[in-house]
file data31.tsv (TSV, C-alpha atoms)
chain	number	residue	atom	x	y	z
A	1	MET	CA	13.00	50.54	-18.77
A	2	GLU	CA	13.41	46.90	-19.68
A	3	LEU	CA	16.62	46.32	-21.64
A	4	ARG	CA	16.76	44.38	-24.90
A	5	PRO	CA	19.54	42.91	-27.08
A	6	LEU	CA	21.11	45.16	-29.71
A	7	GLY	CA	20.87	42.57	-32.46
A	8	SER	CA	23.74	40.10	-32.42
A	9	THR	CA	26.28	42.50	-30.88
A	10	GLY	CA	26.02	41.09	-27.35
A	11	LEU	CA	25.11	44.58	-26.11
A	12	VAL	CA	21.85	45.42	-24.33
A	13	VAL	CA	20.02	48.70	-24.74
A	14	SER	CA	16.93	50.58	-23.63
A	15	PRO	CA	14.04	50.79	-26.13
A	16	ILE	CA	14.37	54.59	-26.16
A	17	GLY	CA	17.81	56.14	-26.64
A	18	LEU	CA	19.02	59.72	-26.45
A	19	GLY	CA	20.56	61.37	-29.49
A	20	MET	CA	23.02	64.22	-29.00
A	21	ALA	CA	22.41	66.04	-32.29
A	22	ALA	CA	20.62	68.93	-30.57
A	23	LEU	CA	22.86	68.98	-27.49
A	24	GLY	CA	26.39	69.08	-28.86
A	25	ARG	CA	26.28	72.27	-30.94
A	26	PRO	CA	24.48	75.61	-30.75
A	27	GLY	CA	22.39	75.14	-33.90
A	28	TYR	CA	20.23	72.27	-35.09
A	29	LEU	CA	17.71	71.52	-37.82
A	30	ASN	CA	14.63	71.28	-35.62
A	31	LEU	CA	11.50	73.36	-35.03
A	32	GLY	CA	12.09	75.73	-32.13
A	33	HIS	CA	15.60	74.57	-31.26
A	34	GLY	CA	16.84	78.10	-30.60
A	35	ALA	CA	14.14	78.66	-28.01
A	36	ASP	CA	15.02	75.37	-26.31
A	37	LEU	CA	18.51	76.59	-25.47
A	38	GLU	CA	17.31	79.92	-24.03
A	39	GLY	CA	20.59	81.59	-24.86
A	40	ARG	CA	22.78	78.76	-23.55
A	41	ARG	CA	24.88	78.64	-26.69
A	42	ASP	CA	28.46	79.11	-25.52
A	43	PRO	CA	30.32	75.79	-25.03
A	44	THR	CA	30.39	75.91	-21.23
A	45	ALA	CA	26.70	76.73	-20.84
A	46	LEU	CA	25.70	74.16	-23.45
A	47	ARG	CA	27.80	71.48	-21.75
A	48	ILE	CA	26.06	72.14	-18.42
A	49	HIS	CA	22.69	72.04	-20.17
A	50	ALA	CA	23.57	68.80	-21.97
A	51	TYR	CA	24.59	67.22	-18.67
A	52	SER	CA	21.16	68.05	-17.21
A	53	VAL	CA	19.40	66.27	-20.06
A	54	LEU	CA	21.78	63.32	-19.83
A	55	ASP	CA	21.16	63.10	-16.08
A	56	ALA	CA	17.40	63.00	-16.64
A	57	ALA	CA	17.74	60.36	-19.34
A	58	TYR	CA	19.95	58.10	-17.25
A	59	THR	CA	17.69	58.45	-14.21
A	60	ALA	CA	14.72	57.44	-16.40
A	61	GLY	CA	16.52	54.28	-17.54
A	62	VAL	CA	17.92	55.35	-20.90
A	63	ARG	CA	20.99	53.26	-21.63
A	64	TYR	CA	21.65	53.94	-25.31
A	65	PHE	CA	23.31	57.19	-26.37
A	66	ASP	CA	23.80	58.31	-29.97
A	67	VAL	CA	26.38	60.83	-31.10
A	68	ALA	CA	28.52	61.65	-34.15
A	69	ARG	CA	31.74	63.41	-35.09
A	70	SER	CA	29.66	66.16	-36.70
A	71	TYR	CA	27.61	66.90	-33.58
A	72	GLY	CA	29.91	69.73	-32.54
A	73	ARG	CA	31.23	68.78	-29.11
A	74	GLY	CA	28.70	65.99	-28.63
A	75	GLU	CA	31.26	63.24	-28.12
A	76	GLU	CA	33.26	65.47	-25.79
A	77	PHE	CA	30.19	66.36	-23.72
A	78	LEU	CA	29.13	62.72	-23.48
A	79	ALA	CA	32.58	61.53	-22.44
A	80	GLY	CA	32.86	64.32	-19.86
A	81	TRP	CA	29.47	63.40	-18.44
A	82	PHE	CA	30.52	59.76	-18.10
A	83	ASP	CA	33.63	60.83	-16.21
A	84	SER	CA	31.84	63.30	-13.95
A	85	ARG	CA	29.16	60.73	-13.04
A	86	SER	CA	31.56	57.76	-12.82
A	87	ILE	CA	29.54	55.81	-15.40
A	88	GLU	CA	31.44	52.73	-16.52
A	89	PRO	CA	31.38	51.42	-20.11
A	90	GLU	CA	29.46	48.33	-19.01
A	91	GLU	CA	26.55	50.47	-17.80
A	92	VAL	CA	25.64	52.08	-21.14
A	93	VAL	CA	25.91	51.57	-24.89
A	94	VAL	CA	27.26	54.34	-27.11
A	95	GLY	CA	26.97	54.58	-30.87
A	96	SER	CA	28.83	57.24	-32.82
A	97	LYS	CA	29.17	58.00	-36.52
A	98	TRP	CA	31.76	59.09	-39.05
A	99	GLY	CA	31.45	60.68	-42.48
A	100	TYR	CA	30.39	64.27	-41.75
A	101	GLU	CA	32.52	67.08	-40.38
A	102	TYR	CA	31.15	69.95	-38.31
A	103	THR	CA	32.08	73.17	-40.11
A	104	ALA	CA	29.93	75.89	-38.51
A	105	GLY	CA	32.61	77.03	-36.07
A	106	TRP	CA	29.99	77.36	-33.31
A	107	HIS	CA	28.03	79.92	-35.34
A	108	VAL	CA	24.31	79.24	-35.80
A	109	GLU	CA	24.17	81.61	-38.78
A	110	ALA	CA	26.88	79.71	-40.69
A	111	ASP	CA	26.11	78.98	-44.34
A	112	VAL	CA	27.28	75.36	-44.03
A	113	HIS	CA	27.04	73.36	-40.83
A	114	GLU	CA	28.28	69.96	-42.03
A	115	VAL	CA	30.33	68.60	-44.91
A	116	LYS	CA	30.04	64.98	-46.03
A	117	ASP	CA	33.15	62.93	-46.79
A	118	HIS	CA	32.80	59.16	-47.00
A	119	SER	CA	36.41	58.45	-47.94
A	120	ALA	CA	38.59	55.89	-46.21
A	121	ALA	CA	40.91	58.70	-45.12
A	122	MET	CA	38.02	60.42	-43.35
A	123	LEU	CA	37.00	57.16	-41.69
A	124	ARG	CA	40.48	56.56	-40.33
A	125	ARG	CA	40.85	60.12	-39.06
A	126	GLN	CA	37.43	60.36	-37.45
A	127	ALA	CA	37.59	56.86	-35.96
A	128	ALA	CA	40.85	57.82	-34.26
A	129	GLU	CA	39.25	61.03	-32.97
A	130	SER	CA	36.17	59.21	-31.65
A	131	MET	CA	38.30	56.59	-29.94
A	132	ALA	CA	40.49	59.25	-28.36
A	133	ILE	CA	37.44	60.99	-26.89
A	134	LEU	CA	35.14	58.08	-26.01
A	135	GLY	CA	37.69	55.34	-25.36
A	136	ARG	CA	36.15	52.14	-24.01
A	137	HIS	CA	32.69	53.70	-24.09
A	138	LEU	CA	32.57	53.46	-27.89
A	139	ASP	CA	30.54	50.33	-28.70
A	140	LEU	CA	29.18	51.02	-32.19
A	141	TYR	CA	30.62	53.03	-35.09
A	142	GLN	CA	28.38	53.81	-38.04
A	143	ILE	CA	28.59	55.31	-41.50
A	144	HIS	CA	26.78	58.62	-41.18
A	145	SER	CA	23.92	58.92	-43.71
A	146	ALA	CA	25.15	56.48	-46.32
A	147	THR	CA	23.56	56.87	-49.74
A	148	LEU	CA	24.10	54.93	-52.93
A	149	ASP	CA	25.39	57.98	-54.81
A	150	THR	CA	28.47	58.41	-52.57
A	151	GLY	CA	29.65	54.88	-53.37
A	152	VAL	CA	30.63	54.30	-49.75
A	153	LEU	CA	29.12	50.82	-49.72
A	154	GLU	CA	31.21	49.88	-52.75
A	155	ASP	CA	34.51	51.35	-51.53
A	156	ARG	CA	36.80	48.44	-50.71
A	157	ASP	CA	39.17	50.62	-48.68
A	158	VAL	CA	36.27	51.77	-46.49
A	159	ILE	CA	34.90	48.25	-46.16
A	160	SER	CA	38.32	46.89	-45.18
A	161	ALA	CA	38.85	49.65	-42.61
A	162	LEU	CA	35.42	49.02	-41.09
A	163	ALA	CA	36.10	45.28	-40.94
A	164	ALA	CA	39.40	45.99	-39.15
A	165	LEU	CA	37.56	48.18	-36.66
A	166	ARG	CA	34.99	45.44	-36.10
A	167	ASP	CA	37.82	43.00	-35.40
A	168	THR	CA	38.92	45.20	-32.48
A	169	GLY	CA	35.55	44.60	-30.81
A	170	VAL	CA	33.65	47.71	-31.93
A	171	ALA	CA	30.40	46.85	-33.71
A	172	VAL	CA	29.93	48.43	-37.15
A	173	GLY	CA	26.70	49.92	-38.48
A	174	VAL	CA	25.24	52.07	-41.20
A	175	THR	CA	22.79	54.98	-41.05
A	176	THR	CA	20.63	56.19	-43.92
A	177	SER	CA	18.83	59.33	-45.01
A	178	GLY	CA	16.90	60.64	-48.00
A	179	PRO	CA	14.10	59.34	-50.22
A	180	ASN	CA	16.05	56.23	-51.29
A	181	GLN	CA	16.72	54.80	-47.84
A	182	ALA	CA	15.23	51.40	-48.69
A	183	ALA	CA	17.66	50.81	-51.56
A	184	THR	CA	20.60	51.82	-49.35
A	185	ILE	CA	19.49	49.49	-46.55
A	186	ARG	CA	19.16	46.55	-48.96
A	187	ARG	CA	22.57	47.26	-50.47
A	188	ALA	CA	24.09	47.38	-46.98
A	189	LEU	CA	22.64	43.94	-46.22
A	190	ASP	CA	24.68	42.55	-49.12
A	191	VAL	CA	28.03	43.89	-47.86
A	192	ARG	CA	30.12	40.98	-46.65
A	193	VAL	CA	33.71	40.50	-45.56
A	194	ASP	CA	35.15	36.98	-45.65
A	195	GLY	CA	31.63	35.70	-46.30
A	196	LEU	CA	30.14	37.32	-43.18
A	197	PRO	CA	27.83	40.37	-43.00
A	198	LEU	CA	29.75	43.52	-42.14
A	199	PHE	CA	27.01	45.53	-40.47
A	200	ALA	CA	25.42	44.70	-37.12
A	201	THR	CA	23.02	47.66	-37.05
A	202	VAL	CA	21.11	49.98	-39.33
A	203	GLN	CA	19.84	53.40	-38.25
A	204	SER	CA	17.22	55.05	-40.45
A	205	THR	CA	14.61	57.76	-40.51
A	206	TRP	CA	11.14	56.33	-39.92
A	207	ASN	CA	8.18	58.31	-38.76
A	208	LEU	CA	4.47	58.71	-39.41
A	209	LEU	CA	5.16	61.20	-42.20
A	210	GLU	CA	7.95	59.14	-43.83
A	211	PRO	CA	7.45	55.39	-43.24
A	212	THR	CA	8.77	54.12	-46.58
A	213	ALA	CA	11.89	52.48	-45.16
A	214	GLY	CA	9.76	50.14	-43.06
A	215	ALA	CA	9.79	47.09	-45.35
A	216	ALA	CA	13.57	47.28	-45.81
A	217	LEU	CA	14.06	47.71	-42.06
A	218	ALA	CA	11.94	44.61	-41.49
A	219	GLU	CA	14.27	42.75	-43.85
A	220	ALA	CA	17.28	44.03	-41.93
A	221	ALA	CA	15.80	42.84	-38.64
A	222	ALA	CA	15.02	39.44	-40.17
A	223	ALA	CA	18.67	39.24	-41.23
A	224	GLY	CA	19.76	39.76	-37.62
A	225	LEU	CA	20.59	43.46	-37.62
A	226	ALA	CA	19.46	45.74	-34.83
A	227	VAL	CA	17.29	48.59	-36.12
A	228	ILE	CA	17.69	52.08	-34.64
A	229	VAL	CA	15.01	54.61	-35.56
A	230	LYS	CA	15.94	58.27	-35.85
A	231	GLU	CA	13.82	61.37	-36.44
A	232	ALA	CA	10.69	59.69	-35.08
A	233	VAL	CA	9.14	63.13	-34.50
A	234	ALA	CA	10.24	64.42	-37.92
A	235	ASN	CA	12.48	67.24	-36.69
A	236	GLY	CA	9.65	68.62	-34.59
A	237	ARG	CA	6.90	68.36	-37.19
A	238	LEU	CA	5.17	65.63	-35.16
A	239	THR	CA	5.08	67.73	-31.99
A	240	SER	CA	2.75	70.38	-30.64
A	241	ARG	CA	5.12	73.03	-32.03
A	242	ASN	CA	3.93	72.36	-35.56
A	243	PRO	CA	0.97	74.59	-36.49
A	244	GLU	CA	0.23	72.07	-39.26
A	245	LEU	CA	0.18	69.07	-36.89
A	246	PRO	CA	-2.04	66.31	-38.31
A	247	ALA	CA	-5.45	66.52	-36.64
A	248	VAL	CA	-5.38	62.90	-35.51
A	249	LEU	CA	-2.25	63.59	-33.43
A	250	ASP	CA	-3.60	66.86	-32.12
A	251	ALA	CA	-6.65	64.99	-30.83
A	252	ALA	CA	-4.73	62.09	-29.30
A	253	GLN	CA	-5.00	61.32	-25.58
A	254	HIS	CA	-1.22	61.57	-25.14
A	255	ALA	CA	1.26	64.23	-26.28
A	256	PRO	CA	1.80	64.06	-30.05
A	257	ASP	CA	5.54	63.48	-29.71
A	258	ALA	CA	4.90	60.54	-27.37
A	259	VAL	CA	2.39	59.07	-29.80
A	260	ALA	CA	4.81	59.48	-32.71
A	261	ILE	CA	7.59	57.73	-30.81
A	262	ALA	CA	5.17	55.03	-29.64
A	263	ALA	CA	4.25	54.41	-33.27
A	264	ALA	CA	7.91	53.75	-34.04
A	265	LEU	CA	8.31	51.55	-30.96
A	266	SER	CA	5.31	49.51	-32.08
A	267	ARG	CA	7.10	48.37	-35.25
A	268	PRO	CA	8.13	44.74	-34.65
A	269	TRP	CA	11.49	45.39	-36.27
A	270	ALA	CA	12.46	48.40	-34.11
A	271	THR	CA	15.15	47.82	-31.48
A	272	VAL	CA	15.79	51.39	-30.31
A	273	VAL	CA	13.93	54.63	-31.05
A	274	LEU	CA	15.95	57.79	-30.50
A	275	SER	CA	14.73	60.82	-28.66
A	276	GLY	CA	16.36	63.97	-29.96
A	277	ALA	CA	15.19	66.03	-27.00
A	278	ALA	CA	17.03	69.26	-26.32
A	279	THR	CA	15.43	69.88	-22.91
A	280	VAL	CA	14.51	67.83	-19.87
A	281	SER	CA	10.81	68.59	-20.34
A	282	HIS	CA	10.85	67.42	-23.93
A	283	LEU	CA	12.73	64.28	-22.94
A	284	ARG	CA	10.11	63.45	-20.33
A	285	SER	CA	7.37	64.01	-22.88
A	286	ASN	CA	9.16	61.74	-25.36
A	287	LEU	CA	9.51	59.04	-22.71
A	288	GLY	CA	5.75	59.18	-22.31
A	289	ALA	CA	5.72	56.98	-25.41
A	290	LEU	CA	6.22	54.00	-23.12
A	291	ALA	CA	2.76	54.60	-21.64
A	292	VAL	CA	0.90	55.01	-24.94
A	293	PRO	CA	-1.37	51.99	-25.55
A	294	ALA	CA	-1.10	50.11	-28.83
A	295	ALA	CA	-4.67	51.03	-29.72
A	296	GLU	CA	-3.72	54.71	-29.83
A	297	VAL	CA	-1.13	54.23	-32.59
A	298	GLY	CA	-3.11	51.91	-34.84
A	299	GLY	CA	-3.82	53.25	-38.31
A	300	LEU	CA	-1.86	56.47	-37.87
A	301	GLN	CA	0.09	56.18	-41.14
A	302	ALA	CA	-2.85	57.53	-43.16
A	303	PHE	CA	-1.27	61.00	-43.32
A	304	ALA	CA	2.16	59.94	-44.61
A	305	GLU	CA	3.70	62.21	-47.24
A	306	ALA	CA	5.32	61.22	-50.51
A	307	PRO	CA	9.04	60.66	-49.77
A	308	GLN	CA	10.14	63.38	-52.19
A	309	THR	CA	7.79	65.85	-50.49
A	310	TYR	CA	8.97	64.91	-47.01
A	311	TRP	CA	12.67	65.18	-47.80
A	312	ALA	CA	12.23	68.41	-49.76
A	313	ARG	CA	10.47	69.97	-46.77
A	314	ARG	CA	13.22	68.74	-44.45
A	315	SER	CA	15.95	70.18	-46.67
A	316	HIS	CA	14.32	73.62	-46.47
A	317	MET	CA	14.21	73.72	-42.68
A	318	ARG	CA	16.43	76.33	-41.04
A	319	TRP	CA	19.20	75.69	-38.54
A	320	THR	CA	18.26	77.54	-35.35
call {"tool": "encode", "arguments": {"input": "data31.tsv", "output": "structure tokens"}}
result
Amino acid sequence: MELRPLGSTGLVVSPIGLGMAALGRPGYLNLGHGADLEGRRDPTALRIHAYSVLDAAYTAGVRYFDVARSYGRGEEFLAGWFDSRSIEPEEVVVGSKWGYEYTAGWHVEADVHEVKDHSAAMLRRQAAESMAILGRHLDLYQIHSATLDTGVLEDRDVISALAALRDTGVAVGVTTSGPNQAATIRRALDVRVDGLPLFATVQSTWNLLEPTAGAALAEAAAAGLAVIVKEAVANGRLTSRNPELPAVLDAAQHAPDAVAIAAALSRPWATVVLSGAATVSHLRSNLGALAVPAAEVGGLQAFAEAPQTYWARRSHMRWT
């Protein structure tokens, strides 16, 4: 894979990255996730499984890895894999996130899997934890699913702590979620410290069912931020697992997940598109996006849902 700059950070990344959301904990909000693990849910078995997916990604040229404090043992697995494969910090780029805490206690049937806390105290605690685990491999630290209602982008203590982290050499970013992503992205673009923009990256949900953040992401790219796309296959809804898969994807020449990721890659503002693959076979299918011709993704946004509909459906998905 040909590498590209991650905005103005000085880092270089692959166009497709690997997210650890489905690999660092036994449950995830994705169609068929339980079947993917085939019973490999205890920490040791899941670590071995995660290493196999990471091996396949690295061999294929993936050089951007996405994780978060709330991804169970995701940071721990990633750091252990680096050590076991003797992968130096200069060889990869790692982005992690703070602001959610994993609360399921390794139980898939837990009532609550994550709790949001965007306070400065949480930032300082989780940043210290991420640094202790990832060390020099941590290149980018992001607010996890910032929204306007939490006030995180107005909190001067948080902004000051992020600026201090940036001054140590770790790039700072923001991720978004929900039907009001565009407003959050535009507010983030206005956050400045000593007259300079605070954020170097923005990571947002964009896919063929929910493309409404696109204009704001184009503005972010024009302002010099790197854009990272998450949930390009809509938590499995844009894959062959979905019995309600849009007919145009079902009839495509390439696998629907590859076409969906290719559609995101085709956006001129997209720097990295994340694969959330939980198996080697799904990763390889996702990477097929690189072979999908531009003509195959043209005009595919015709079946986009209203944002409120999309996010309501997502909120009702089960952790498996």
call {"tool": "residues_around", "arguments": {"input": "data31.tsv", "residues": "Gly169 of chain A", "least_positions_apart": "5", "cutoff": "10 Å", "atoms": "all atoms listed in the file", "output": "PyMOL selection string"}}
result
chain A and resi 9+138-140+164
call {"tool": "closest_atom_pairs", "arguments": {"input": "data31.tsv", "of": "segment 118-208 of chain A", "to": "segment 234-255 of chain A", "cutoff": "12 Å", "atoms": "only C-alpha atoms", "output": "CSV"}}
result
residue,atom,partner,partner_atom,distance
A:Ser204,CA,A:Ala234,CA,12.0
A:Thr205,CA,A:Ala234,CA,8.4
A:Trp206,CA,A:Ala234,CA,8.4
A:Asn207,CA,A:Ala234,CA,6.5
A:Leu208,CA,A:Leu238,CA,8.2
call {"tool": "closest_residue", "arguments": {"input": "data31.tsv", "among": "A:Ala270, A:Leu225, A:Ala302, A:Arg313", "to": "Gly10 of chain A", "atoms": "all atoms listed in the file"}}
result
A:Leu225
call {"tool": "residues_around", "arguments": {"input": "data31.tsv", "residues": "segment 36-38 of chain A", "least_positions_apart": "4", "cutoff": "12 Å", "atoms": "only C-alpha atoms", "output": "PyMOL selection string"}}
result
chain A and resi 22-28+30-32+42-43+45-50+53+236+241+277-283+320
call {"tool": "atom_distance", "arguments": {"input": "data31.tsv", "atom1": "atom CA of Val12 of chain A", "atom2": "atom CA of Val93 of chain A"}}
result
7.4 Å
call {"tool": "closest_residue", "arguments": {"input": "data31.tsv", "among": "A:Pro256, A:Gly173, A:Pro307, A:Gly276", "to": "Gly288 of chain A", "atoms": "all atoms listed in the file"}}
result
A:Pro256
call {"tool": "closest_residue", "arguments": {"input": "data31.tsv", "among": "A:Tyr51, A:Phe77, A:Phe65, A:Tyr71", "to": "Ala104 of chain A", "atoms": "all atoms listed in the file"}}
result
A:Tyr71
call {"tool": "closest_residue", "arguments": {"input": "data31.tsv", "among": "A:Gly105, A:Gly135, A:Pro268, A:Gly224", "to": "Leu198 of chain A", "atoms": "all atoms listed in the file"}}
result
A:Gly224
call {"tool": "atom_distance", "arguments": {"input": "data31.tsv", "atom1": "atom CA of Val272 of chain A", "atom2": "atom CA of Thr309 of chain A"}}
result
26.1 Å
call {"tool": "build_atoms", "arguments": {"input": "data31.tsv", "residues": "segment 55-74 of chain A", "atoms": "N, CA and C atoms", "output": "CSV table (one decimal), keeping the file's coordinate frame"}}
result
chain,number,residue,atom,x,y,z
A,55,ASP,N,21.5,63.6,-17.4
A,55,ASP,CA,21.2,63.1,-16.1
A,55,ASP,C,19.7,62.6,-16.0
A,56,ALA,N,18.8,63.4,-16.6
A,56,ALA,CA,17.4,63.0,-16.6
A,56,ALA,C,17.2,61.7,-17.4
A,57,ALA,N,17.9,61.6,-18.5
A,57,ALA,CA,17.7,60.4,-19.3
A,57,ALA,C,18.2,59.1,-18.6
A,58,TYR,N,19.4,59.2,-18.0
A,58,TYR,CA,20.0,58.1,-17.2
A,58,TYR,C,19.1,57.7,-16.1
A,59,THR,N,18.6,58.7,-15.3
A,59,THR,CA,17.7,58.4,-14.2
A,59,THR,C,16.4,57.7,-14.7
A,60,ALA,N,15.9,58.1,-15.9
A,60,ALA,CA,14.7,57.4,-16.4
A,60,ALA,C,15.0,56.1,-17.0
A,61,GLY,N,16.2,55.6,-17.0
A,61,GLY,CA,16.5,54.3,-17.5
A,61,GLY,C,17.1,54.2,-18.9
A,62,VAL,N,17.3,55.4,-19.6
A,62,VAL,CA,17.9,55.4,-20.9
A,62,VAL,C,19.4,54.8,-20.8
A,63,ARG,N,19.7,53.9,-21.7
A,63,ARG,CA,21.0,53.3,-21.6
A,63,ARG,C,21.6,53.2,-23.0
A,64,TYR,N,21.0,53.8,-24.0
A,64,TYR,CA,21.6,53.9,-25.3
A,64,TYR,C,21.8,55.4,-25.6
A,65,PHE,N,23.0,55.8,-26.1
A,65,PHE,CA,23.3,57.2,-26.4
A,65,PHE,C,23.9,57.3,-27.8
A,66,ASP,N,23.4,58.2,-28.6
A,66,ASP,CA,23.8,58.3,-30.0
A,66,ASP,C,24.5,59.7,-30.2
A,67,VAL,N,25.6,59.6,-30.9
A,67,VAL,CA,26.4,60.8,-31.1
A,67,VAL,C,27.1,60.7,-32.5
A,68,ALA,N,27.8,61.7,-32.9
A,68,ALA,CA,28.5,61.6,-34.2
A,68,ALA,C,29.7,62.7,-34.1
A,69,ARG,N,30.6,62.5,-35.0
A,69,ARG,CA,31.7,63.4,-35.1
A,69,ARG,C,31.2,64.8,-35.5
A,70,SER,N,30.1,64.9,-36.2
A,70,SER,CA,29.7,66.2,-36.7
A,70,SER,C,28.7,66.9,-35.7
A,71,TYR,N,28.5,66.3,-34.5
A,71,TYR,CA,27.6,66.9,-33.6
A,71,TYR,C,28.4,67.9,-32.7
A,72,GLY,N,29.2,68.7,-33.3
A,72,GLY,CA,29.9,69.7,-32.5
A,72,GLY,C,30.8,69.1,-31.5
A,73,ARG,N,30.5,69.4,-30.2
A,73,ARG,CA,31.2,68.8,-29.1
A,73,ARG,C,30.4,67.7,-28.4
A,74,GLY,N,29.5,67.0,-29.2
A,74,GLY,CA,28.7,66.0,-28.6
A,74,GLY,C,29.5,64.8,-28.0
